[in-house]
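Q: Below is the structure I would like to discuss, written out as C-alpha cells.
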Amino acid sequence: MATAISFSQDLKQQADIVRIIGDYVQLKKAGAQNFVGLCPFHKEKSPSFSVHATRQFFHCFGCGEKGDVFTFVQKMENVTFPEAIRRVAEKMGVPVPKQGYSGPGEALEAKQRGVLLDLHEKACASFEEQLRRPEGARAREYLTGRGLSEETLRRFRIGFAPDSGFMLRDRLRVVADEENLKASGLFSWKQDDAAGEDRPAAAGTTTTKAITTSSLYSKFRNRVMFPICNEQGKVIAFTGRTLDPNEKSGPKYLNSPETPIYSKGKVLFNLDKAKEAIRHLTYAILVEGNVDCISVFEAGFKNVIATSGTAFSEMQVRLLGRFTRQVVVNFDPDTAGAAATERSLAMLVEEDFKIKVLTLEPGFDPDLFIRRKGVAAYRQALSEAPDYFPYLISRAAAMFPVKTPDGKAKAVNYLLPHIKRVPQAIVRDELANNVAQRFGIDSALVRQELRHAATNRRAEFKAPPEQQVSEAEKIIVRLLAPGSAELEELRTAATDVLVAEGLIEGLPAQPLLEWLLCPMEGSSASETDQRSLASILMKENDELTQELIESAIEALRRGKLERRQRELNASIAEAERKNDSQTLTRLLQEKFAIDKALQK
C-alpha cells in the first residue's frame, strides 16, 4: 500500500492538471496560472469552473465541486480512486505498478470490467476473422456495395457474426465464466424449468438452477458487426446489421444491451478517432448511422461522430461539449430525420452550442450522397449549411401556408418553443425579429408571445415527454404494453420487481407505467400518455430479451439511488446550515452507503 501511495503522490506531482482536465473541459487562460471553463458537473452558461496550474487544484464556484486531478477523473468517469490513478497514468504514458484495492467488492468490479473488455476484444477479433472466411462472402458483398474498402474495414474493425449460436460461445468460454459471459451482452440464454422445458429466464428472478455455458447462445447471428469503442478506443459494444430480410431474423440493426462497460446514451460512435480533429477544427459533424459516419470519415472529414444506437441524449450533448461548442447536424432528410434534427437542436441550443444544419437532397443520406455526388459536393454542402434558426424558419415555411393568417400563426407557434429555449434574452429578441420579418408580422406581436411565457420558459418548454423518458423506461413500457403472450413470464417477473422496489416513483414515465401496471376497468391513459406509448412502441427496435430487461431494471435501480443522492445533498446542506450534527451524521451515513452502491 505504501508503494501505491508513493506512486499516486509522484504521479500527481508530474501530472499536468490543465492538460488532463482540458481533455474533458474547454479551458481558457484567465491569469498567470489560472484557467476557467464551463463546469462539467452542473449546468451553467457563464464559466465558474477554475483550474490552478501550480496548485494542481480545481474548484467550481457555482456548485462547490473541488479536488485534485484524481478527484476530477474519478467524478467525470464514475470510477474508483485506484482506477482514476490508472486513467491519469495512461494519459501520461506512465506504467502503473500493481496496486491493491480498498476492498474485495472493488477488486471484483475492476476485475469484471477487465474481463468484459477482454471478451469484447476477442469477440471483435473473431468477427474480423469470420468476415475473411468463405462464410463471410455475403457480408463482404454487402460492405463492398456500401463502398467500404479493405483499409476501411481494418481501420474500423468491421466483422461478421456467422449464423451460429455457439461458435463465439465456445471460443470465449475458455477465458471467462458463465457470469461474465452473461454480463457481456454478447449472448442470450435459456434456463431449464422443472418440467424439463427450455424457457427464457425471467428478468429480476432467480432460480435454483445456475445458467451454464451450454444454455448460452450468440445474440448476434448472420450480421455485419460494427464495433463501438469508448473514448480510449477500447471495444465496449457492437451494432449488428442483419443480412437476412426475413422478419424472423429480428430488427435490421441490433445493438448491444447496456452492460457494466457500456451505456449507449453516454457514448458517441467514432469519438475515439474524431476527438483530436474536433479539437483542431473546433467543430464536429453529427450524423445518425455507423455507415454514414464511416463514409464521411473516410472521405476526409475526420471530425465526424454519430449517435450510438439511440436518439441523441443529454449525456451525449455534454460529452460533445468537452471537445467543442460548435456542431453541424447532418441527419437523414426524411421525416424521421427532420424530427431527430429538431430534438437534437433543442438539447444543443439549451447547452449554448453554435449549430448549423446540413440538409441533403431528398433520398440521400451522407453515405449515399458522397458515393453518388462526390467528396467535393459534400464539402460544398457542408460550407453552405445554414445556421439552425434559418433552417427552422425555412422548415416552418415549408410546413405551413404562410401566405395566410392561419398559416402564419401556425408557423410562429411552431417556432416559438425553439426561440424560448435560447438562453440569452438578446438573442431571443433578435430571433423574434427575424421571424416577424420573414413572415410579414408585426414584431411586437411576436415579442408579446415571447414575453407571455418568459417567466416560466424552462418549466413550459422542456423537451417533449417522450424525449425525457430514459431508454430503460422505454424498455419497461414496451414490456408492460399489451402484446405477445410469449413475454408474459418476463412481464410478471418484472412487475413484481418494479412494484416491490418502487422503481417507477419519480420517473418521467411514471403515469404511463402506473396505468400499464394497474389499468382500471373502463379507464384509459391520458392523451399525452397514449401519444408517448405509441411513439415508444413505434420507434424501439431492440428485441425484448431477458438481459435487455434486466439491464433496464438495473438502470432504474441506479436512477432511484441517484435521485435519493440528490435529495441527500440538499438535506445535508440544510443540516450543515442549521448545525444539526445528529441529523447530519445520519444523512452522511446514508449518502456514504449510496455513493458506495453507485460505484458498483
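Order determines the names: the first chain of the C-alpha cells is A, the second B, and so forth; residues in each chain are numbered 1 upward, and ligands are numbered 1 upward as they are shown.
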Just list the residues in stretch 159-404 of chain A DSSP gives alpha helix (DSSP H) on the backbone, as an MDAnalysis selection string.
A: chainID A and resid 167:172 178:183 271:281 290:298 314:321 335:350 366:373 375:383 388:399
Q: I'd like the contact shell of A:Val235 - 7 Å cut-off, only C-alpha atoms, skipping same-chain residues fewer than 4 positions apart - returned as a CSV table (one decimal) with N, CA, C and O atoms, in the first residue's frame.
A:
chain,number,residue,atom,x,y,z
A,117,LEU,N,-13.9,-6.2,-21.1
A,117,LEU,CA,-13.2,-5.5,-22.1
A,117,LEU,C,-12.4,-6.6,-22.9
A,117,LEU,O,-12.3,-6.5,-24.2
A,120,HIS,N,-14.8,-8.5,-25.2
A,120,HIS,CA,-15.2,-7.7,-26.4
A,120,HIS,C,-14.0,-7.6,-27.4
A,120,HIS,O,-14.3,-7.7,-28.6
A,121,GLU,N,-12.8,-7.5,-26.9
A,121,GLU,CA,-11.7,-7.5,-27.8
A,121,GLU,C,-11.6,-8.8,-28.6
A,121,GLU,O,-11.4,-8.9,-29.8
A,227,PRO,N,-18.0,-2.5,-34.4
A,227,PRO,CA,-17.6,-2.3,-33.0
A,227,PRO,C,-17.9,-0.9,-32.6
A,227,PRO,O,-17.7,0.1,-33.3
A,228,ILE,N,-18.3,-0.7,-31.3
A,228,ILE,CA,-18.5,0.6,-30.7
A,228,ILE,C,-17.4,0.7,-29.6
A,228,ILE,O,-17.2,-0.2,-28.8
A,229,CYS,N,-16.6,1.8,-29.7
A,229,CYS,CA,-15.5,1.9,-28.8
A,229,CYS,C,-15.7,3.1,-27.8
A,229,CYS,O,-16.4,4.0,-28.1
A,230,ASN,N,-15.0,2.9,-26.7
A,230,ASN,CA,-15.1,4.1,-25.7
A,230,ASN,C,-14.1,5.1,-26.2
A,230,ASN,O,-13.4,5.0,-27.2
Q: Return as a ChimeraX atom specification the full set of residues in stretch 138-290 of chain A whose backbone-based DSSP assignment is strand (DSSP E or B).
A: /A:159-161,187-192,198-200,216-218,223-229,235-242,253-255,259,262,268-269,284-287
Q: So that I can see what lies close to A:Val304, please list as a list in words the residues with an atom at most 9 Å from it, counting only C-alpha atoms and leaving out residues fewer than 5 positions away in the same chain.
A: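 Within the cut-off, the hits are Asn270, Leu271, Lys273, Ala274, Lys275, Ala277, Ile278, Ala284, Ile285, Leu286, Val287, Cys293, Ile294, Val296 and Phe297 of chain A.
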Q: Would you pick out the contacts of A:Phe312 at 9 Å or less, using only C-alpha atoms, so that residues sharing its chain but fewer than 4 positions from it are not included, and give the list as a list in words?
A: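 Residues meeting the cut-off are Gly265, Glu288, Ala306, Thr307, Ser308, Gln316, Val317, Ala340, Arg343, Ser344 and Met347 of chain A.
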Q: Would you compute the distance between atom CA of A:Gly502 and atom CA of A:Ala552? Give it in Å to one decimal.
A: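 A separation of 14.3 Å between them.
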Q: How far is it from atom CA of A:Gly114 to atom CA of A:Tyr253, in Å with one decimal?
A: 27.0 Å
Q: What is the distance between atom CA of A:Leu598 and atom CA of A:Val79, in Å to one decimal?
A: 9.8 Å
Q: Can you pull out every residue within 7 Å of stretch 6-21 of chain A, counting only C-alpha atoms, but drop anything in the same chain fewer than 5 positions away, and send it as a PyMOL selection string?
A: chain A and resi 51+53+56+69+85
